[in-house]
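Peer 1: I am sharing my_file07.csv, which consists of CSV, C-alpha atoms:
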```csv
chain,number,residue,atom,x,y,z
K,385,MET,CA,-95.8,79.9,-75.4
K,386,ASN,CA,-92.2,80.5,-74.3
K,387,PRO,CA,-89.0,81.0,-76.4
K,388,THR,CA,-86.1,78.7,-76.7
K,389,VAL,CA,-82.8,80.5,-76.0
K,390,GLN,CA,-79.3,79.5,-77.3
K,391,THR,CA,-76.4,81.5,-76.0
K,392,PHE,CA,-73.1,82.2,-77.7
K,393,PHE,CA,-70.4,83.4,-75.2
K,394,ASP,CA,-67.4,85.5,-76.3
K,395,PRO,CA,-64.6,84.9,-73.8
K,396,VAL,CA,-62.6,87.9,-75.0
K,397,THR,CA,-65.3,90.5,-74.0
K,398,PHE,CA,-67.2,88.2,-71.7
K,399,THR,CA,-70.4,88.9,-73.7
K,400,ALA,CA,-73.4,86.6,-74.0
K,401,THR,CA,-75.2,86.9,-77.3
K,402,HIS,CA,-78.6,85.3,-77.2
K,403,LEU,CA,-80.5,83.6,-80.1
K,404,VAL,CA,-84.2,83.7,-79.2
K,405,VAL,CA,-86.5,81.4,-81.1
K,406,ASP,CA,-90.3,80.9,-81.4
K,407,GLY,CA,-90.4,77.2,-81.8
K,408,GLY,CA,-93.8,77.1,-83.4
K,409,THR,CA,-92.9,79.4,-86.4
K,410,GLY,CA,-89.1,79.4,-86.5
K,411,MET,CA,-89.0,83.2,-86.1
K,412,ALA,CA,-85.9,84.4,-84.3
K,413,ALA,CA,-84.1,87.4,-82.8
K,414,ILE,CA,-80.5,87.9,-81.9
K,415,ILE,CA,-79.7,89.9,-78.8
K,416,ASP,CA,-76.4,91.8,-78.4
K,417,PRO,CA,-74.2,90.4,-81.1
K,418,VAL,CA,-70.4,90.9,-81.1
K,419,LEU,CA,-67.9,92.1,-83.7
K,420,ASP,CA,-64.4,90.6,-83.0
K,421,PHE,CA,-62.0,93.5,-82.6
K,422,GLU,CA,-58.3,93.1,-81.6
K,423,PRO,CA,-57.2,96.6,-80.5
K,424,LYS,CA,-53.4,96.1,-80.6
K,425,GLY,CA,-53.4,95.4,-84.3
K,426,GLY,CA,-56.7,97.1,-85.2
K,427,THR,CA,-58.1,94.0,-86.8
K,428,LEU,CA,-61.7,93.3,-87.1
K,429,SER,CA,-63.6,90.1,-88.0
K,430,THR,CA,-67.2,88.8,-88.0
K,431,ALA,CA,-66.5,85.3,-86.9
K,432,SER,CA,-68.6,85.4,-83.7
K,433,ALA,CA,-71.6,87.0,-85.4
K,434,ASP,CA,-71.3,84.6,-88.3
K,435,ALA,CA,-71.4,81.6,-85.9
K,436,VAL,CA,-74.8,82.8,-84.7
K,437,LEU,CA,-75.9,83.2,-88.3
K,438,LYS,CA,-74.8,79.7,-89.1
K,439,ALA,CA,-77.0,78.4,-86.2
K,440,VAL,CA,-79.9,80.4,-87.7
K,441,ALA,CA,-79.3,78.8,-91.1
K,442,ASP,CA,-78.6,75.3,-89.8
K,443,GLN,CA,-82.0,75.3,-87.9
K,444,GLY,CA,-83.9,76.8,-90.8
K,445,LEU,CA,-84.9,79.8,-88.8
K,446,THR,CA,-86.0,83.2,-90.1
K,447,LEU,CA,-84.2,86.1,-88.4
K,448,ARG,CA,-86.6,89.0,-87.8
K,449,TYR,CA,-84.7,91.3,-85.4
K,450,ILE,CA,-81.4,92.2,-84.0
K,451,LEU,CA,-82.0,93.6,-80.6
K,452,GLU,CA,-79.6,95.8,-78.7
K,453,THR,CA,-80.1,96.2,-75.0
K,454,HIS,CA,-78.0,99.5,-75.1
K,455,ALA,CA,-75.0,101.1,-76.7
K,456,HIS,CA,-72.2,98.9,-75.3
K,457,ALA,CA,-68.9,100.3,-74.1
K,458,ASP,CA,-67.1,97.0,-73.9
K,459,HIS,CA,-67.5,95.4,-77.3
K,460,LEU,CA,-68.3,96.5,-80.9
K,461,SER,CA,-71.8,95.6,-82.0
K,462,ALA,CA,-72.3,93.3,-85.0
K,463,GLY,CA,-75.8,94.7,-85.5
K,464,ASP,CA,-75.1,96.4,-88.8
K,465,HIS,CA,-73.2,93.4,-90.2
K,466,LEU,CA,-76.1,91.1,-89.4
K,467,ARG,CA,-78.7,93.6,-90.7
K,468,ARG,CA,-76.8,93.8,-94.0
K,469,ARG,CA,-76.4,90.0,-94.2
K,470,THR,CA,-80.1,89.2,-93.4
K,471,GLY,CA,-82.3,92.2,-93.8
K,472,ALA,CA,-83.5,91.8,-90.2
K,473,ALA,CA,-84.5,95.0,-88.4
K,474,LEU,CA,-82.0,96.5,-86.0
K,475,VAL,CA,-83.8,97.6,-82.7
K,476,ILE,CA,-82.6,99.6,-79.7
K,477,GLY,CA,-84.2,101.8,-77.0
K,478,ALA,CA,-85.4,105.2,-78.0
K,479,HIS,CA,-83.1,106.9,-75.5
K,480,ILE,CA,-80.1,106.0,-77.7
K,481,THR,CA,-80.4,109.6,-78.8
K,482,ASP,CA,-79.2,110.7,-75.3
K,483,VAL,CA,-76.1,108.6,-75.7
K,484,GLN,CA,-75.5,109.9,-79.3
K,485,LYS,CA,-75.7,113.5,-78.1
K,486,VAL,CA,-72.9,112.8,-75.6
K,487,PHE,CA,-70.5,110.7,-77.7
K,488,ALA,CA,-70.9,112.0,-81.2
K,489,PRO,CA,-69.1,115.3,-80.3
K,490,LEU,CA,-66.5,113.4,-78.3
K,491,PHE,CA,-65.4,111.5,-81.4
K,492,ASP,CA,-66.0,114.5,-83.8
K,493,ALA,CA,-68.5,112.2,-85.5
K,494,ASP,CA,-70.2,114.7,-87.8
K,495,ASP,CA,-71.9,111.9,-89.7
K,496,VAL,CA,-73.9,110.8,-86.6
K,497,VAL,CA,-77.2,112.6,-86.5
K,498,PRO,CA,-78.3,112.1,-82.8
K,499,ASN,CA,-81.8,111.1,-83.7
K,500,GLY,CA,-81.5,107.3,-83.7
K,501,SER,CA,-82.0,107.1,-87.4
K,502,GLN,CA,-79.0,104.7,-87.7
K,503,PHE,CA,-81.3,102.0,-86.3
K,504,ASP,CA,-84.5,100.6,-87.8
K,505,VAL,CA,-86.8,100.6,-84.7
K,506,LEU,CA,-86.6,102.7,-81.6
K,507,MET,CA,-88.4,101.1,-78.6
K,508,GLN,CA,-90.2,103.0,-75.8
K,509,GLU,CA,-91.5,101.6,-72.5
K,510,GLY,CA,-94.4,99.3,-73.3
K,511,ASP,CA,-93.8,99.0,-77.0
K,512,THR,CA,-94.2,95.6,-78.6
K,513,LEU,CA,-93.0,93.7,-81.6
K,514,PRO,CA,-94.3,90.3,-82.9
K,515,LEU,CA,-92.0,87.3,-83.0
K,516,GLY,CA,-94.0,84.6,-84.6
K,517,ASP,CA,-96.6,83.6,-82.0
K,518,LEU,CA,-94.6,85.4,-79.3
K,519,THR,CA,-94.5,89.1,-78.4
K,520,ILE,CA,-91.4,91.1,-77.6
K,521,SER,CA,-92.2,93.9,-75.1
K,522,VAL,CA,-89.9,96.5,-73.5
K,523,LEU,CA,-89.1,97.8,-70.0
K,524,HIS,CA,-87.0,101.0,-69.9
K,525,THR,CA,-84.4,100.0,-67.3
K,526,PRO,CA,-81.8,102.9,-67.2
K,527,GLY,CA,-79.0,103.4,-64.7
K,528,HIS,CA,-76.1,101.7,-66.3
K,529,THR,CA,-76.8,104.0,-69.3
K,530,PRO,CA,-79.9,106.2,-70.0
K,531,ALA,CA,-80.8,104.0,-72.9
K,532,CYS,CA,-80.8,100.5,-71.3
K,533,ILE,CA,-83.9,98.4,-72.0
K,534,THR,CA,-85.0,95.0,-71.0
K,535,TYR,CA,-86.7,92.8,-73.5
K,536,LEU,CA,-89.5,90.6,-72.2
K,537,ILE,CA,-90.3,87.5,-74.4
K,538,GLY,CA,-92.6,84.9,-73.0
K,539,ASP,CA,-91.2,83.7,-69.7
K,540,ALA,CA,-87.8,85.2,-70.4
K,541,ALA,CA,-86.3,88.7,-69.7
K,542,PHE,CA,-83.1,89.9,-71.4
K,543,VAL,CA,-81.6,92.4,-69.0
K,544,GLY,CA,-78.3,93.4,-70.8
K,545,ASP,CA,-75.9,94.9,-68.3
K,546,THR,CA,-78.4,95.9,-65.7
K,547,LEU,CA,-78.0,92.8,-63.7
K,548,PHE,CA,-75.3,90.1,-63.7
K,549,MET,CA,-75.3,86.6,-62.2
K,550,PRO,CA,-76.2,86.7,-58.4
K,551,ASP,CA,-72.6,86.0,-57.3
K,552,TYR,CA,-71.3,88.9,-59.4
K,553,GLY,CA,-73.9,91.6,-58.8
K,554,THR,CA,-74.8,94.6,-60.9
K,555,ALA,CA,-73.6,97.0,-63.6
K,556,ARG,CA,-71.4,100.0,-63.1
K,557,THR,CA,-73.1,103.4,-63.2
K,558,ASP,CA,-70.2,105.8,-63.9
K,559,PHE,CA,-70.7,106.3,-67.6
K,560,PRO,CA,-72.3,109.5,-68.8
K,561,GLY,CA,-76.0,109.4,-68.0
K,562,GLY,CA,-75.5,106.5,-65.6
K,563,ASP,CA,-76.9,106.8,-62.0
K,564,ALA,CA,-76.8,104.3,-59.1
K,565,ARG,CA,-80.1,105.3,-57.7
K,566,THR,CA,-81.8,105.0,-61.1
K,567,LEU,CA,-80.2,101.5,-61.5
K,568,TYR,CA,-81.5,100.4,-58.2
K,569,ARG,CA,-85.1,101.3,-59.2
K,570,SER,CA,-84.7,99.6,-62.5
K,571,ILE,CA,-83.5,96.5,-60.8
K,572,ARG,CA,-86.5,96.6,-58.5
K,573,ARG,CA,-88.8,96.7,-61.6
K,574,ILE,CA,-87.1,93.6,-63.0
K,575,LEU,CA,-87.3,91.8,-59.6
K,576,SER,CA,-91.0,92.5,-59.5
K,577,LEU,CA,-91.6,90.2,-62.5
K,578,PRO,CA,-92.9,86.7,-61.6
K,579,PRO,CA,-90.3,84.8,-59.6
K,580,GLU,CA,-90.0,82.0,-62.1
K,581,THR,CA,-89.1,84.5,-64.9
K,582,ARG,CA,-85.9,83.4,-66.6
K,583,LEU,CA,-83.3,86.2,-66.7
K,584,PHE,CA,-80.6,86.3,-69.3
K,585,VAL,CA,-77.6,88.6,-68.6
K,586,GLY,CA,-75.4,90.3,-71.1
K,587,HIS,CA,-72.0,89.4,-69.5
K,588,ASP,CA,-70.5,87.1,-67.1
K,589,TYR,CA,-67.2,87.6,-65.2
K,590,LEU,CA,-65.9,84.9,-63.0
K,591,PRO,CA,-66.0,85.8,-59.3
K,592,ALA,CA,-63.7,84.1,-56.9
K,593,GLY,CA,-64.7,80.4,-56.4
K,594,ARG,CA,-66.4,79.9,-59.8
K,595,THR,CA,-64.8,78.5,-62.9
K,596,ASP,CA,-67.7,78.2,-65.3
K,597,TYR,CA,-69.4,81.0,-67.2
K,598,ARG,CA,-73.1,81.4,-66.7
K,599,TRP,CA,-75.7,83.7,-68.2
K,600,GLU,CA,-79.1,82.4,-67.1
K,601,THR,CA,-80.7,82.9,-63.7
K,602,THR,CA,-84.2,83.7,-62.4
K,603,VAL,CA,-86.0,86.6,-60.7
K,604,ALA,CA,-86.2,84.4,-57.6
K,605,ASP,CA,-82.5,83.6,-57.5
K,606,GLU,CA,-81.6,87.3,-58.0
K,607,ALA,CA,-83.9,88.5,-55.3
K,608,ALA,CA,-82.6,85.9,-52.9
K,609,HIS,CA,-78.9,85.9,-53.7
K,610,ASN,CA,-77.7,88.9,-55.7
K,611,ILE,CA,-74.7,90.2,-53.7
K,612,HIS,CA,-75.5,93.8,-54.5
K,613,ALA,CA,-79.3,94.0,-55.1
K,614,HIS,CA,-81.0,91.2,-53.2
K,615,ALA,CA,-84.5,91.8,-51.9
K,616,GLY,CA,-83.1,93.1,-48.5
K,617,ALA,CA,-80.8,95.7,-50.0
K,618,THR,CA,-82.0,99.2,-49.4
K,619,GLU,CA,-81.7,101.9,-52.0
K,620,ASP,CA,-79.3,104.1,-49.9
K,621,SER,CA,-77.0,101.1,-49.1
K,622,PHE,CA,-77.0,100.1,-52.8
K,623,VAL,CA,-76.0,103.6,-53.9
K,624,VAL,CA,-73.2,103.8,-51.4
K,625,MET,CA,-71.9,100.4,-52.5
K,626,ARG,CA,-72.3,101.0,-56.2
K,627,GLU,CA,-70.7,104.5,-56.3
K,628,GLY,CA,-67.9,103.4,-54.1
K,629,ARG,CA,-67.2,100.3,-56.3
K,630,ASP,CA,-67.4,102.4,-59.5
K,631,LYS,CA,-64.5,104.6,-58.3
K,632,THR,CA,-62.2,101.6,-58.3
K,633,LEU,CA,-63.0,100.5,-61.8
K,634,ALA,CA,-60.8,101.2,-64.9
K,635,PRO,CA,-62.6,102.1,-68.1
K,636,PRO,CA,-63.4,99.1,-70.3
K,637,THR,CA,-60.5,98.1,-72.7
K,638,LEU,CA,-62.7,98.7,-75.8
K,639,ILE,CA,-64.7,101.7,-74.6
K,640,LEU,CA,-63.3,104.2,-77.2
K,641,PRO,CA,-63.6,102.0,-80.3
K,642,SER,CA,-66.9,100.5,-79.1
K,643,LEU,CA,-68.8,103.7,-78.5
K,644,GLN,CA,-67.9,105.4,-81.8
K,645,VAL,CA,-69.0,102.3,-83.7
K,646,ASN,CA,-72.1,101.5,-81.6
K,647,ILE,CA,-73.6,105.0,-81.8
K,648,ARG,CA,-73.5,104.2,-85.6
K,649,ALA,CA,-75.5,101.1,-84.9
K,650,GLY,CA,-72.5,98.9,-85.4
K,651,ALA,CA,-71.4,100.5,-88.6
K,652,LEU,CA,-67.8,101.7,-89.2
K,653,PRO,CA,-67.0,105.3,-90.0
K,654,ALA,CA,-66.8,106.0,-93.7
K,655,ALA,CA,-63.6,105.1,-95.5
K,656,SER,CA,-61.0,107.8,-96.2
K,657,PRO,CA,-60.3,108.8,-99.8
K,658,SER,CA,-57.6,106.1,-99.8
K,659,GLY,CA,-60.1,103.5,-98.8
K,660,ALA,CA,-58.7,103.1,-95.3
K,661,ILE,CA,-61.0,103.0,-92.2
K,662,PHE,CA,-60.0,104.9,-89.1
K,663,LEU,CA,-61.3,104.9,-85.6
K,664,LYS,CA,-60.5,108.0,-83.5
K,665,LEU,CA,-58.7,108.0,-80.2
K,666,PRO,CA,-59.5,111.2,-78.2
K,667,VAL,CA,-56.5,112.2,-76.0
K,668,THR,CA,-57.0,113.9,-72.6
K,669,ILE,CA,-53.9,115.7,-71.4
K,670,VAL,CA,-53.6,115.7,-67.6
```
Written as structure tokens, how would this file's structure read?
Peer 2:
Amino acid sequence: MNPTVQTFFDPVTFTATHLVVDGGTGMAAIIDPVLDFEPKGGTLSTASADAVLKAVADQGLTLRYILETHAHADHLSAGDHLRRRTGAALVIGAHITDVQKVFAPLFDADDVVPNGSQFDVLMQEGDTLPLGDLTISVLHTPGHTPACITYLIGDAAFVGDTLFMPDYGTARTDFPGGDARTLYRSIRRILSLPPETRLFVGHDYLPAGRTDYRWETTVADEAAHNIHAHAGATEDSFVVMREGRDKTLAPPTLILPSLQVNIRAGALPAASPSGAIFLKLPVTIV
């Protein structure tokens, strides 16, 4: 039994949100949902997440889980919104605590206890969850962040930001707790899955020569064609390439609003006495 996968692509943050369905029972999971945040005006909406919920309702599905592959630095998670709307369990890797310990002090987020309790389920390597007649299992695939996990569901693997489409390559490793050598080894674990395994990535950015967004590939295609991590790429050459490339990258546009929301499982900070909600902007004087 293999899942059906429907993908909702957000062109603002280049994020692919995947709706995974067990066709036999109608049980479903949403992977990496997006809140729509416009930073110039500080406006927030749930339109993208609600579009996925509409698909769930229109198909008569039962949403069991919201699965986060990691604490994203490029978009705000709609995990808490979906949890409150549906009662589905919000799931993330157990090493989210490492991320919270770094970023809660940065944002002076005294309300964030760095124990992962903001989420409903913390997954370790080898843990499983039932999804109808399917099973969700977990690989711990750090490197982009220490908390990155890959969800294995039937013949499909949901790799988050660890791998991108073959013509774009791999994730950056310059966030706190990231490491290029660790990423290489995580990628090798993914590429050791059966060659026909479908891989669903968390983002797509258009490389030169391509005009259509894509989010599904296979282990075989990645092993043969990934421009950074194909089967012939050595660990040392990958580390030199990845660390050099990372030095040229600017921080993601939404990194500061995203992380302070996402360490709270997609919840906003508590409102002020006046009822207003504020996100913090740490300032570094150079």
Peer 1: Nearest residue to Asn646 in chain K out of K:His609, K:His459, K:Arg626, K:Arg556, using all atoms listed in the file?
Peer 2: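 Residue with the minimum atom-to-atom distance to Asn646 in chain K: K:His459.
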Peer 1: Give me the residues within 7 Å of Glu452 in chain K as a VMD selection string, counting only C-alpha atoms and dropping any in the same chain fewer than 6 places off.
Peer 2: chain K and resid 415 to 416 475 to 476
Peer 1: Identify which of the residues K:Leu590, K:Leu663, K:Val505, K:Leu575 lies closest to Ser642 in chain K, counting all atoms listed in the file when measuring atom-to-atom distances.
Peer 2: K:Leu663
Peer 1: I'd like the contact shell of Leu583 in chain K - 10 Å cut-off, only C-alpha atoms, skipping same-chain residues fewer than 2 positions apart - returned as a list in words.
Peer 2: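 Skipping anything fewer than 2 positions along the chain leaves Thr534, Leu536, Asp539, Ala540, Ala541, Phe542, Val543, Gly544, Leu547, Phe548, Met549, Ile574, Leu575, Glu580, Thr581, Val585, Gly586, Trp599, Glu600, Thr601, Thr602, Val603, Ala604, Asp605 and Glu606 of chain K.
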Peer 1: Got a sec: who's within 7 Å of range 511-526 of chain K, counting only C-alpha atoms, leaving out chain neighbours fewer than 6 positions off, as an MDAnalysis selection string?
Peer 2: chainID K and resid 385 406 409 411:412 532:538 566:567 570
Peer 1: Can you write out the residues you just picked, keeping C-alpha atoms, as a JSON list (two decimals), in the frame of the given file?
Peer 2:
```json
[["chain", "number", "residue", "atom", "x", "y", "z"],
["K", 385, "MET", "CA", -95.80, 79.90, -75.40],
["K", 406, "ASP", "CA", -90.30, 80.90, -81.40],
["K", 409, "THR", "CA", -92.90, 79.40, -86.40],
["K", 411, "MET", "CA", -89.00, 83.20, -86.10],
["K", 412, "ALA", "CA", -85.90, 84.40, -84.30],
["K", 532, "CYS", "CA", -80.80, 100.50, -71.30],
["K", 533, "ILE", "CA", -83.90, 98.40, -72.00],
["K", 534, "THR", "CA", -85.00, 95.00, -71.00],
["K", 535, "TYR", "CA", -86.70, 92.80, -73.50],
["K", 536, "LEU", "CA", -89.50, 90.60, -72.20],
["K", 537, "ILE", "CA", -90.30, 87.50, -74.40],
["K", 538, "GLY", "CA", -92.60, 84.90, -73.00],
["K", 566, "THR", "CA", -81.80, 105.00, -61.10],
["K", 567, "LEU", "CA", -80.20, 101.50, -61.50],
["K", 570, "SER", "CA", -84.70, 99.60, -62.50]]
```
Peer 1: For range 659-661 of chain K, list every protein, DNA or RNA residue within 12 Å, evaluated using all atoms listed in the file, and leave out those in the same chain fewer than 3 positions away; present the list as number ranges by chain.
Peer 2: K: 426-428, 645, 651-656, 664
Peer 1: For CA of Val670 in chain K and CA of Gln484 in chain K, determine how far apart the two atoms are, in Å to one decimal place.
Peer 2: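 For CA of Val670 in chain K relative to CA of Gln484 in chain K, the distance reads 25.5 Å.
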Peer 1: So which residues touch Leu506 in chain K within 9 Å, counting all atoms listed in the file, skipping near sequence neighbours fewer than 4 positions away, as a list in words?
Peer 2: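 Result of the neighbour search: Leu474, Val475, Ile476, Gly477, Ala478, His479, Ile480, Gly500 and Ser501 of chain K.
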